[in-house]
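Step one of this worksheet: look at the structure below.
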Amino acid sequence: MKLSPAVLGMFVLAAFALSSCSDSKPEAGPTPTTSSSGTSSGTPSSGPSSAPIPTASTPTLTALPTPSKPWPTPTVTGAPENDAPLADRITFAIAKQAQIAAGKAAATTVKCPGIDKVETAGKHELTCTVTYAGKPYTGTLTVDAKQYTASYKFTSESVAIVRAKVVDAVLRTVQDAAKVTCTMDDVAVVKHSDAGIACDVTTTANAVQPYKAQVSGNGQVLVAKA
């Protein structure tokens with residue numbers, strides 16, 4: 001059966017209206033939630049890291065060189081002439097020995113009240129003050145004078161010494177020393193009957209070990225572990 005144009009137009013319109021009514025939005029899926037840790041509830045949490053915490057390594061220090069030669073004997077100048085007064089020759093000898101014991105040549109004075117009388121025959125005993133590099137100490141001078149000869153001896157409980165000589169003695173004793181710290185000034189006056197000079201030695205393994213440096217009357221340094 002043939003449809004008239006008017007009926008065909010109504011049919012097309014009805015079909016269009018039907019198709020427009022059948023359009024609908026797709027249903028939305030479930031919205032993912034976020035957990036308190038900031039990750040999606042659908043994604044498993046990785047948890048805290050189990051990587052080890054790095055620790056600082058102990059540094060290995062370099063050993064100081066062991067002295068290969070004996071401590072040098074200082075050159076002391078200013079010796080008087082052989083025919084100089086006995087008092088001058090004695091005081092110079094005391095000053096020279098003080099500098100050799102200390103380990104370094106430095107300005108040294110010796111004051112012995114009454115020493116101008118030692119050429120008189122007989123035995124003399126005097127108290128002397130030795131000042132080495134500004135550091136004073138006292139001692140006893142005994143003189144046995146005869147008509148043409150004289151003998152003398154100076155003794156003291158104290159002796160002056162430089163720190164470099166003490167450190168040198170420590171390095172000869174401790175083979176793996178990386179650092180040496182001694183509780184003394186650059187120049188010190190010590191009694192050789194005392195406990196000695198305290199020195200701390202830092203080894204190449206970064207361990208600190210205590211030592212004592214004992215100084216004899218002639219400036220010899222003996223080092224032992226404290």
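Letters A, B, ... mark the chains of the structure tokens in the order given; residue numbers begin at 1 per chain; ligand numbers begin at 1, in order shown.
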
Any idea what's packed within 12 Å of Thr109 of chain A, counting only C-alpha atoms, ignoring anything in its chain fewer than 5 positions away? Could you give it as number ranges by chain?
A: 78, 88, 90-99, 128-138

Pick out the closest residue to Tyr148 of chain A from this set: A:Leu86, A:Arg172, A:Cys182, A:Lys104. Count only C-alpha atoms.
A:Leu86

Give me the residues within 10 Å of Val166 of chain A as a CSV table (one decimal) with C-alpha atoms, in the first residue's frame, counting only C-alpha atoms and dropping any in the same chain fewer than 5 places off.
```
chain,number,residue,atom,x,y,z
A,102,ALA,CA,116.7,21.5,76.0
A,103,GLY,CA,117.3,20.5,72.4
A,161,ILE,CA,113.2,21.2,77.2
A,171,LEU,CA,107.4,9.2,67.6
A,180,VAL,CA,100.9,13.6,69.1
A,182,CYS,CA,101.7,16.9,74.8
A,184,MET,CA,103.3,21.5,77.7
A,197,ILE,CA,105.0,15.1,80.6
A,199,CYS,CA,101.2,13.1,75.9
A,212,LYS,CA,104.3,9.7,79.7
A,213,ALA,CA,107.6,11.4,78.7
A,214,GLN,CA,110.2,11.4,81.4
A,215,VAL,CA,113.1,13.9,81.0
A,219,GLY,CA,117.7,16.1,78.5
A,220,GLN,CA,117.3,12.5,77.6
A,221,VAL,CA,113.6,11.7,77.0
A,222,LEU,CA,112.2,8.3,78.0
A,223,VAL,CA,108.6,7.5,76.7
```

Expected answer as a VMD selection string: helix (DSSP H, G or I) residues in segment 86-175 of chain A
chain A and resid 86 to 102 115 to 117 163 to 173

Write out, as a compact mmCIF listing (two decimals), in the first residue's frame, the residues just selected, with N, CA and C atoms.
```txt
# COMPACT_ATOMS: atom_id res chain seq x y z
N LEU A 86 137.62 32.37 85.31
CA LEU A 86 136.99 31.09 85.59
C LEU A 86 135.48 31.23 85.69
N ALA A 87 135.02 32.31 86.28
CA ALA A 87 133.58 32.52 86.42
C ALA A 87 132.89 32.55 85.06
N ASP A 88 133.51 33.19 84.07
CA ASP A 88 132.91 33.26 82.73
C ASP A 88 132.88 31.89 82.06
N ARG A 89 133.95 31.15 82.24
CA ARG A 89 134.00 29.82 81.62
C ARG A 89 132.99 28.86 82.24
N ILE A 90 132.80 28.98 83.56
CA ILE A 90 131.83 28.10 84.24
C ILE A 90 130.41 28.45 83.82
N THR A 91 130.06 29.72 83.83
CA THR A 91 128.68 30.10 83.49
C THR A 91 128.35 29.75 82.03
N PHE A 92 129.35 29.87 81.14
CA PHE A 92 129.09 29.48 79.75
C PHE A 92 128.87 27.97 79.66
N ALA A 93 129.67 27.20 80.39
CA ALA A 93 129.51 25.75 80.36
C ALA A 93 128.12 25.34 80.85
N ILE A 94 127.62 26.01 81.88
CA ILE A 94 126.27 25.71 82.38
C ILE A 94 125.22 26.08 81.34
N ALA A 95 125.38 27.25 80.70
CA ALA A 95 124.43 27.70 79.68
C ALA A 95 124.44 26.76 78.48
N LYS A 96 125.62 26.29 78.10
CA LYS A 96 125.73 25.38 76.96
C LYS A 96 125.03 24.07 77.25
N GLN A 97 125.26 23.52 78.43
CA GLN A 97 124.63 22.27 78.78
C GLN A 97 123.11 22.41 78.85
N ALA A 98 122.63 23.56 79.31
CA ALA A 98 121.18 23.79 79.38
C ALA A 98 120.56 23.77 77.99
N GLN A 99 121.23 24.36 77.02
CA GLN A 99 120.71 24.40 75.65
C GLN A 99 120.76 23.03 74.99
N ILE A 100 121.83 22.27 75.26
CA ILE A 100 121.93 20.93 74.69
C ILE A 100 120.83 20.03 75.27
N ALA A 101 120.61 20.14 76.57
CA ALA A 101 119.56 19.33 77.20
C ALA A 101 118.18 19.71 76.67
N ALA A 102 117.96 21.01 76.47
CA ALA A 102 116.66 21.47 75.98
C ALA A 102 116.40 21.02 74.56
N ILE A 115 130.04 34.08 92.39
CA ILE A 115 130.90 33.28 91.52
C ILE A 115 132.24 33.97 91.23
N ASP A 116 132.31 35.26 91.44
CA ASP A 116 133.57 35.96 91.19
C ASP A 116 134.65 35.59 92.21
N LYS A 117 134.27 34.84 93.24
CA LYS A 117 135.22 34.44 94.28
C LYS A 117 135.71 32.99 94.10
N ARG A 163 109.22 21.36 73.20
CA ARG A 163 108.18 20.37 72.91
C ARG A 163 108.54 19.51 71.71
N ALA A 164 109.19 20.09 70.71
CA ALA A 164 109.52 19.32 69.51
C ALA A 164 110.40 18.12 69.84
N LYS A 165 111.28 18.26 70.82
CA LYS A 165 112.15 17.15 71.21
C LYS A 165 111.35 16.05 71.90
N VAL A 166 110.36 16.44 72.68
CA VAL A 166 109.51 15.46 73.35
C VAL A 166 108.68 14.69 72.32
N VAL A 167 108.08 15.41 71.37
CA VAL A 167 107.28 14.77 70.32
C VAL A 167 108.16 13.81 69.51
N ASP A 168 109.39 14.23 69.23
CA ASP A 168 110.32 13.38 68.51
C ASP A 168 110.54 12.06 69.25
N ALA A 169 110.69 12.12 70.57
CA ALA A 169 110.90 10.91 71.36
C ALA A 169 109.66 10.02 71.35
N VAL A 170 108.49 10.63 71.35
CA VAL A 170 107.25 9.84 71.30
C VAL A 170 107.15 9.10 69.96
N LEU A 171 107.47 9.78 68.88
CA LEU A 171 107.38 9.15 67.56
C LEU A 171 108.37 8.00 67.40
N ARG A 172 109.45 8.03 68.16
CA ARG A 172 110.41 6.91 68.12
C ARG A 172 109.88 5.69 68.87
N THR A 173 108.90 5.94 69.76
CA THR A 173 108.35 4.86 70.58
C THR A 173 107.09 4.27 69.97
```

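Between Thr142 of chain A and the candidates A:Ser193, A:Thr203, A:Thr73, A:Thr155, the tightest atom-to-atom separation, counting only C-alpha atoms, involves A:Thr155.
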
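The neighbours of His124 of chain A here are the residues that come within 8 Å of it, using only C-alpha atoms and leaving out any residue fewer than 5 positions away in the same chain; they are A:Val118, A:Leu141, A:Thr142, A:Val143, A:Asp144, A:Ala145.
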
Output for the residues just chosen: all heavy atoms as a PDB file, in the first residue's frame:
```
ATOM      1  N   VAL A 118     135.232  32.300  93.077  1.00  0.00           N
ATOM      2  CA  VAL A 118     135.525  30.865  92.970  1.00  0.00           C
ATOM      3  C   VAL A 118     136.978  30.577  92.603  1.00  0.00           C
ATOM      4  O   VAL A 118     137.435  29.437  92.729  1.00  0.00           O
ATOM      5  CB  VAL A 118     134.588  30.185  91.938  1.00  0.00           C
ATOM      6  CG1 VAL A 118     133.156  30.246  92.404  1.00  0.00           C
ATOM      7  CG2 VAL A 118     134.768  30.801  90.559  1.00  0.00           C
ATOM      8  N   LEU A 141     125.810  24.941  92.215  1.00  0.00           N
ATOM      9  CA  LEU A 141     127.140  24.880  91.614  1.00  0.00           C
ATOM     10  C   LEU A 141     128.166  24.638  92.715  1.00  0.00           C
ATOM     11  O   LEU A 141     128.217  25.383  93.703  1.00  0.00           O
ATOM     12  CB  LEU A 141     127.458  26.186  90.881  1.00  0.00           C
ATOM     13  CG  LEU A 141     128.895  26.352  90.382  1.00  0.00           C
ATOM     14  CD1 LEU A 141     129.213  25.330  89.290  1.00  0.00           C
ATOM     15  CD2 LEU A 141     129.123  27.776  89.882  1.00  0.00           C
ATOM     16  N   THR A 142     128.969  23.605  92.545  1.00  0.00           N
ATOM     17  CA  THR A 142     130.070  23.347  93.473  1.00  0.00           C
ATOM     18  C   THR A 142     131.390  23.474  92.712  1.00  0.00           C
ATOM     19  O   THR A 142     131.539  22.934  91.612  1.00  0.00           O
ATOM     20  CB  THR A 142     129.959  21.941  94.093  1.00  0.00           C
ATOM     21  OG1 THR A 142     129.906  20.964  93.054  1.00  0.00           O
ATOM     22  CG2 THR A 142     128.715  21.830  94.945  1.00  0.00           C
ATOM     23  N   VAL A 143     132.303  24.207  93.301  1.00  0.00           N
ATOM     24  CA  VAL A 143     133.611  24.446  92.673  1.00  0.00           C
ATOM     25  C   VAL A 143     134.697  24.067  93.662  1.00  0.00           C
ATOM     26  O   VAL A 143     134.681  24.491  94.841  1.00  0.00           O
ATOM     27  CB  VAL A 143     133.772  25.917  92.250  1.00  0.00           C
ATOM     28  CG1 VAL A 143     135.142  26.138  91.591  1.00  0.00           C
ATOM     29  CG2 VAL A 143     132.656  26.350  91.320  1.00  0.00           C
ATOM     30  N   ASP A 144     135.635  23.265  93.184  1.00  0.00           N
ATOM     31  CA  ASP A 144     136.817  22.893  93.984  1.00  0.00           C
ATOM     32  C   ASP A 144     138.025  23.524  93.301  1.00  0.00           C
ATOM     33  O   ASP A 144     138.514  23.026  92.275  1.00  0.00           O
ATOM     34  CB  ASP A 144     136.945  21.377  94.058  1.00  0.00           C
ATOM     35  CG  ASP A 144     138.058  20.935  95.005  1.00  0.00           C
ATOM     36  OD1 ASP A 144     138.660  21.817  95.668  1.00  0.00           O
ATOM     37  OD2 ASP A 144     138.329  19.723  95.063  1.00  0.00           O
ATOM     38  N   ALA A 145     138.464  24.652  93.844  1.00  0.00           N
ATOM     39  CA  ALA A 145     139.553  25.421  93.223  1.00  0.00           C
ATOM     40  C   ALA A 145     140.869  25.135  93.925  1.00  0.00           C
ATOM     41  O   ALA A 145     140.949  25.101  95.158  1.00  0.00           O
ATOM     42  CB  ALA A 145     139.238  26.910  93.289  1.00  0.00           C
TER      43      ALA A 145
END
```

Just list the residues in segment 41-160 of chain A DSSP gives strand (DSSP E) on the backbone, as a PyMOL selection string.
chain A and resi 108-111+122-132+135-145+150-155+158-160

Could those residues be written to a file, using C-alpha atoms, as a compact mmCIF listing (two decimals), in the first residue's frame?
```txt
# COMPACT_ATOMS: atom_id res chain seq x y z
CA THR A 108 120.37 31.56 78.03
CA THR A 109 121.69 33.38 81.08
CA VAL A 110 123.29 32.00 84.23
CA LYS A 111 123.38 34.03 87.44
CA GLY A 122 139.06 25.98 98.36
CA LYS A 123 135.57 24.52 97.88
CA HIS A 124 132.69 26.77 96.96
CA GLU A 125 128.97 26.03 96.81
CA LEU A 126 126.66 28.50 95.06
CA THR A 127 123.03 28.70 94.10
CA CYS A 128 122.55 29.57 90.42
CA THR A 129 119.54 30.61 88.38
CA VAL A 130 119.48 29.46 84.77
CA THR A 131 117.08 31.21 82.41
CA TYR A 132 116.55 29.41 79.10
CA LYS A 135 112.06 30.02 81.51
CA PRO A 136 114.04 30.09 84.79
CA TYR A 137 115.09 27.27 87.12
CA THR A 138 117.65 26.95 89.90
CA GLY A 139 120.52 24.61 90.66
CA THR A 140 123.61 24.16 92.80
CA LEU A 141 127.14 24.88 91.61
CA THR A 142 130.07 23.35 93.47
CA VAL A 143 133.61 24.45 92.67
CA ASP A 144 136.82 22.89 93.98
CA ALA A 145 139.55 25.42 93.22
CA ALA A 150 139.64 23.98 89.35
CA SER A 151 136.86 21.46 88.96
CA TYR A 152 133.16 22.23 89.08
CA LYS A 153 129.76 20.54 88.94
CA PHE A 154 126.28 21.93 88.41
CA THR A 155 123.22 19.96 89.49
CA SER A 158 114.85 20.82 86.90
CA VAL A 159 115.66 20.95 83.23
CA ALA A 160 114.36 22.98 80.30
```

Report, in Å to a single decimal, how far apart atom CA of Pro70 of chain A and atom CA of Thr202 of chain A are.
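It comes out at 23.1 Å.
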
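Atom CA of Leu61 of chain A to atom CA of Ala177 of chain A spans 9.0 Å [interatomic distance, one decimal].
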
To one decimal place in Å, what is the distance between atom CA of Gln175 of chain A and atom CA of Val201 of chain A?
10.5 Å

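Counting only C-alpha atoms, Lys225 of chain A has the following residues at most 8 Å away, ignoring those fewer than 6 positions along the same chain: Gln209, Pro210, Tyr211 and Lys212 of chain A.
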
Would you export the selected residues with N, CA and C atoms as a PDB file, in the first residue's frame, please?
```pdb
ATOM      1  N   GLN A 209      95.688   7.058  72.775  1.00  0.00           N
ATOM      2  CA  GLN A 209      96.401   6.318  73.813  1.00  0.00           C
ATOM      3  C   GLN A 209      97.271   7.280  74.617  1.00  0.00           C
ATOM      4  N   PRO A 210      97.271   7.181  75.954  1.00  0.00           N
ATOM      5  CA  PRO A 210      98.072   8.080  76.796  1.00  0.00           C
ATOM      6  C   PRO A 210      99.497   7.565  76.992  1.00  0.00           C
ATOM      7  N   TYR A 211     100.456   8.502  76.987  1.00  0.00           N
ATOM      8  CA  TYR A 211     101.858   8.180  77.228  1.00  0.00           C
ATOM      9  C   TYR A 211     102.445   9.205  78.198  1.00  0.00           C
ATOM     10  N   LYS A 212     103.582   8.841  78.797  1.00  0.00           N
ATOM     11  CA  LYS A 212     104.320   9.749  79.676  1.00  0.00           C
ATOM     12  C   LYS A 212     105.750   9.878  79.154  1.00  0.00           C
TER      13      LYS A 212
END
```

Top pick for closest residue to Gln147 of chain A, considering A:Ala224, A:Val162, A:Asp194, A:Glu119 and counting only C-alpha atoms:
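The answer is A:Glu119, which sits nearest to Gln147 of chain A.
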